[in-house]
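Student: I am attaching a structure below and will ask some questions about it afterwards.
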Amino acid sequence: MNSELDRADTVMSPGREPRLPPGQVRTDKWPVLHYGRVPSVDLATWDFRVFGLVERPSRWSYEEFLALPQIEVRSDIHCVTRWSRFDNLWQGVSFTEVMRRVTPKPEARFAVIHAEQGYTTNQLENDDVLFAHRHDGEDLTPEHGWPLRLVAPRRYFWKSAKWVRSVELTSQDRPGFWEQNGYHNQADPWNEERFSDW
């Protein structure tokens, strides 16, 4: 582990009671679920961008992105398919850190996360949201989103998109792939916001 990762700050995602949301079953496994195939990635050409309503649109190579200040977030996973996995330790770059570097414009109120194969998700908030490249002390595997995945701990796990490539800041909310296909826009596990009512 390099010295930058050794200095990562640890953030505890705020707990909720009961810790296991309604309708969930606890597991120690981490099932692999996604739509489509696992993409092949060439780190020599991979990049991560932030664009849209920002003062400084930015692009980082993988090496440059990993050189940004790191944090660790300990959180639970709650999947809409009704399993929960406690005490996951994520390591990566906080959403807040990325936003500091691009300076959102005043009219920027929403974020659209773009991932491989045209996948999108929305709804970013809270200081525990991060772009993770490690899980429980190991690099993510391709099946779990390597080289970079979003982690939004307070939402159902479909909001934590795998294989992220960019963030677009917008003035209007734009539902992502699963939201357009019947899933709830807010995705709060404690309110069982699994499916849309519109």
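Labels used: A, B, ... for chains in the order of the structure tokens, numbers from 1 for residues in each chain, and numbers from 1 for ligands as shown.
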Hey, what's within 8 Å of Val80 in chain A if we count only C-alpha atoms and toss same-chain stuff fewer than 4 positions away? As a VMD selection string, please?
Tutor: chain A and resid 156 to 158 189 194
Student: Quick one: everything within 12 Å of Trp190 in chain A, counting only C-alpha atoms, minus sequence neighbours fewer than 3 positions away in the same chain. Send it as an MDAnalysis selection string.
Tutor: chainID A and resid 15:24 78:80 82 154:156 186:187 193:194
Student: For Gly36 in chain A, which residue among A:Ala108, A:Glu143, A:Phe48, A:Ser58 is the nearest when counting only C-alpha atoms?
Tutor: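 Closest candidate: A:Glu143.
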Student: Between A:Trp163, A:Trp30, A:Tyr119, A:Tyr35, which has the minimum distance to Asp76 in chain A (counting only C-alpha atoms)?
Tutor: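 Ranked by minimum distance to Asp76 in chain A, first place goes to A:Trp30.
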Student: Of the candidates A:Thr103, A:Asn181, A:Gln172, A:Gln117, which shows the shortest atom-to-atom distance to Glu55 in chain A, using only C-alpha atoms?
Tutor: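 Ranking A:Thr103, A:Asn181, A:Gln172, A:Gln117 by distance to Glu55 in chain A, first place goes to A:Thr103.
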